[in-house]
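*Asks:* Got a structure for you, questions after.
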Amino acid sequence: MDEHEQWMRLALDQAEKAMELGEVPVGAVAVLDGRVVGSGFNRKESDQDPTAHAEMIALREAAARLDNWRLVGVTLYCTLEPCPMCAGAMIQGRLSRLVYGAKDTRFGADGTIIDVLGQPAFNHRVEVISGVLADEAGELLQQFFRELRGKNAAIQ
């Protein structure tokens, strides 16, 4: 198995935890030197916090564990293309690399809606690799929203 796929599978595990809680299934894992230094899954509903995205949680945990807000050398694996907030946090945190699965057609900040990560005016560039296990990540999201629509139809 490819190294990126190995870590993305851990991010998918995190996304499944979010789904079990009724959260949009997005997961993230921060890796440095072959070890996980942070992980997270969406908790916006659980925490009633608009910033409780999987990426933000994993970045915060990595910074705390490394005792440094500069995440030089860290790769963040995320099941979904980041939103502008998360992409901005990656730049602010000097994240070295982002590897993500599915494109986000509503909020994607790696060029799908807006290109925050590719903005040449910023003083830091995050290396980006996209499409890793994109089908699996996308299917998890589709399953979640199918089930949500089914529950909403049953209520009406």
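Following the order of the structure tokens, chains are lettered A, B, ..., residues in each are numbered from 1, and ligands are numbered from 1.
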Quick one: residues within 7 Å of range 71-75 of chain A, only C-alpha atoms, excluding same-chain residues fewer than 5 positions away - as a list in words?
*Replies:*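 Non-adjacent residues within range: Ala30, Val31, Leu32, Ala63, Gly93, Arg94, Leu95, Ser96, Arg97 and Leu98 of chain A.
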*Asks:* Could you please take those selected residues and save all heavy atoms as a PDB file, in the first residue's frame?
*Replies:*
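So again-v7.pdb came out as:
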ATOM      1  N   ALA A  30      -2.492  14.399  11.209  1.00  0.00           N
ATOM      2  CA  ALA A  30      -1.229  15.113  11.013  1.00  0.00           C
ATOM      3  C   ALA A  30      -0.082  14.149  11.304  1.00  0.00           C
ATOM      4  O   ALA A  30      -0.080  13.486  12.340  1.00  0.00           O
ATOM      5  CB  ALA A  30      -1.159  16.325  11.933  1.00  0.00           C
ATOM      6  N   VAL A  31       0.883  14.100  10.393  1.00  0.00           N
ATOM      7  CA  VAL A  31       1.982  13.136  10.484  1.00  0.00           C
ATOM      8  C   VAL A  31       3.320  13.863  10.391  1.00  0.00           C
ATOM      9  O   VAL A  31       3.509  14.733   9.531  1.00  0.00           O
ATOM     10  CB  VAL A  31       1.867  12.092   9.342  1.00  0.00           C
ATOM     11  CG1 VAL A  31       3.039  11.132   9.357  1.00  0.00           C
ATOM     12  CG2 VAL A  31       0.543  11.342   9.435  1.00  0.00           C
ATOM     13  N   LEU A  32       4.226  13.495  11.277  1.00  0.00           N
ATOM     14  CA  LEU A  32       5.591  14.011  11.260  1.00  0.00           C
ATOM     15  C   LEU A  32       6.549  12.846  11.487  1.00  0.00           C
ATOM     16  O   LEU A  32       6.392  12.099  12.462  1.00  0.00           O
ATOM     17  CB  LEU A  32       5.793  15.071  12.343  1.00  0.00           C
ATOM     18  CG  LEU A  32       7.211  15.630  12.477  1.00  0.00           C
ATOM     19  CD1 LEU A  32       7.610  16.403  11.221  1.00  0.00           C
ATOM     20  CD2 LEU A  32       7.316  16.523  13.705  1.00  0.00           C
ATOM     21  N   ALA A  63       0.125  21.040  16.974  1.00  0.00           N
ATOM     22  CA  ALA A  63       0.869  22.166  17.544  1.00  0.00           C
ATOM     23  C   ALA A  63       1.089  21.972  19.041  1.00  0.00           C
ATOM     24  O   ALA A  63       2.182  22.229  19.557  1.00  0.00           O
ATOM     25  CB  ALA A  63       0.139  23.472  17.268  1.00  0.00           C
ATOM     26  N   GLY A  93       0.078  28.213   9.920  1.00  0.00           N
ATOM     27  CA  GLY A  93       0.852  27.256  10.702  1.00  0.00           C
ATOM     28  C   GLY A  93       2.082  26.729  10.000  1.00  0.00           C
ATOM     29  O   GLY A  93       2.774  25.860  10.524  1.00  0.00           O
ATOM     30  N   ARG A  94       2.350  27.227   8.794  1.00  0.00           N
ATOM     31  CA  ARG A  94       3.529  26.803   8.032  1.00  0.00           C
ATOM     32  C   ARG A  94       3.549  25.302   7.773  1.00  0.00           C
ATOM     33  O   ARG A  94       4.611  24.663   7.768  1.00  0.00           O
ATOM     34  CB  ARG A  94       4.837  27.210   8.704  1.00  0.00           C
ATOM     35  CG  ARG A  94       4.951  28.661   9.153  1.00  0.00           C
ATOM     36  CD  ARG A  94       4.760  29.651   8.026  1.00  0.00           C
ATOM     37  NE  ARG A  94       5.150  31.003   8.425  1.00  0.00           N
ATOM     38  CZ  ARG A  94       4.313  31.930   8.882  1.00  0.00           C
ATOM     39  NH1 ARG A  94       3.032  31.663   9.021  1.00  0.00           N
ATOM     40  NH2 ARG A  94       4.759  33.140   9.192  1.00  0.00           N
ATOM     41  N   LEU A  95       2.356  24.732   7.588  1.00  0.00           N
ATOM     42  CA  LEU A  95       2.248  23.312   7.271  1.00  0.00           C
ATOM     43  C   LEU A  95       3.065  23.020   6.015  1.00  0.00           C
ATOM     44  O   LEU A  95       3.003  23.775   5.039  1.00  0.00           O
ATOM     45  CB  LEU A  95       0.773  22.943   7.029  1.00  0.00           C
ATOM     46  CG  LEU A  95       0.485  21.479   6.775  1.00  0.00           C
ATOM     47  CD1 LEU A  95       0.594  20.681   8.075  1.00  0.00           C
ATOM     48  CD2 LEU A  95      -0.912  21.308   6.177  1.00  0.00           C
ATOM     49  N   SER A  96       3.804  21.923   6.024  1.00  0.00           N
ATOM     50  CA  SER A  96       4.633  21.587   4.866  1.00  0.00           C
ATOM     51  C   SER A  96       3.827  20.994   3.716  1.00  0.00           C
ATOM     52  O   SER A  96       4.030  21.357   2.562  1.00  0.00           O
ATOM     53  CB  SER A  96       5.749  20.617   5.272  1.00  0.00           C
ATOM     54  OG  SER A  96       6.672  21.281   6.102  1.00  0.00           O
ATOM     55  N   ARG A  97       2.909  20.074   4.036  1.00  0.00           N
ATOM     56  CA  ARG A  97       2.206  19.377   2.958  1.00  0.00           C
ATOM     57  C   ARG A  97       0.790  19.034   3.388  1.00  0.00           C
ATOM     58  O   ARG A  97       0.540  18.662   4.529  1.00  0.00           O
ATOM     59  CB  ARG A  97       2.949  18.093   2.602  1.00  0.00           C
ATOM     60  CG  ARG A  97       2.293  17.311   1.455  1.00  0.00           C
ATOM     61  CD  ARG A  97       2.962  15.979   1.188  1.00  0.00           C
ATOM     62  NE  ARG A  97       4.383  16.136   0.971  1.00  0.00           N
ATOM     63  CZ  ARG A  97       5.318  15.336   1.510  1.00  0.00           C
ATOM     64  NH1 ARG A  97       4.983  14.329   2.276  1.00  0.00           N
ATOM     65  NH2 ARG A  97       6.589  15.532   1.266  1.00  0.00           N
ATOM     66  N   LEU A  98      -0.107  19.116   2.420  1.00  0.00           N
ATOM     67  CA  LEU A  98      -1.495  18.676   2.576  1.00  0.00           C
ATOM     68  C   LEU A  98      -1.747  17.585   1.548  1.00  0.00           C
ATOM     69  O   LEU A  98      -1.435  17.753   0.362  1.00  0.00           O
ATOM     70  CB  LEU A  98      -2.461  19.831   2.333  1.00  0.00           C
ATOM     71  CG  LEU A  98      -3.927  19.446   2.128  1.00  0.00           C
ATOM     72  CD1 LEU A  98      -4.532  18.897   3.418  1.00  0.00           C
ATOM     73  CD2 LEU A  98      -4.725  20.632   1.614  1.00  0.00           C
TER      74      LEU A  98
END
*Asks:* Got a sec to tell me which of range 79-127 of chain A DSSP assigns to strand (DSSP E or B), as a VMD selection string?
*Replies:* chain A and resid 79 to 80 97 to 102 110 115 127
*Asks:* State, in Å with one decimal place, the distance from CA of Thr112 in chain A to CA of Glu81 in chain A.
*Replies:*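 CA of Glu81 in chain A lies 8.6 Å from CA of Thr112 in chain A.
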*Asks:* For each of A:Ala15, A:Ala52, A:Ala109, A:Leu76, take the minimum atom-to-atom distance to Arg35 in chain A, counting only C-alpha atoms, then give the residue where this is smallest.
*Replies:*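 With only C-alpha atoms as the atom set, the closest residue is A:Leu76.
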*Asks:* If you run DSSP on the backbone, which residues of range 104-145 of chain A are helix (DSSP H, G or I), as a list in words?
*Replies:* Ala134, Asp135, Glu136, Ala137, Gly138, Glu139, Leu140, Leu141, Gln142, Gln143, Phe144 and Phe145 of chain A
*Asks:* Suppose we keep C-alpha atoms; can you now write the selection as an mmCIF file, in the first residue's frame?
*Replies:*
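Generated output (result.cif):
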data_model
loop_
_atom_site.group_PDB
_atom_site.id
_atom_site.type_symbol
_atom_site.label_atom_id
_atom_site.label_comp_id
_atom_site.auth_asym_id
_atom_site.auth_seq_id
_atom_site.Cartn_x
_atom_site.Cartn_y
_atom_site.Cartn_z
ATOM 1 C CA ALA A 134 -10.986 10.282 -3.329
ATOM 2 C CA ASP A 135 -13.646 7.721 -4.270
ATOM 3 C CA GLU A 136 -13.783 6.278 -0.755
ATOM 4 C CA ALA A 137 -13.881 9.721 0.863
ATOM 5 C CA GLY A 138 -16.548 10.902 -1.560
ATOM 6 C CA GLU A 139 -18.671 7.794 -1.033
ATOM 7 C CA LEU A 140 -18.628 8.299 2.731
ATOM 8 C CA LEU A 141 -19.931 11.847 2.266
ATOM 9 C CA GLN A 142 -22.575 10.728 -0.230
ATOM 10 C CA GLN A 143 -23.741 7.975 2.121
ATOM 11 C CA PHE A 144 -24.040 10.466 4.987
ATOM 12 C CA PHE A 145 -26.142 12.911 2.971
#
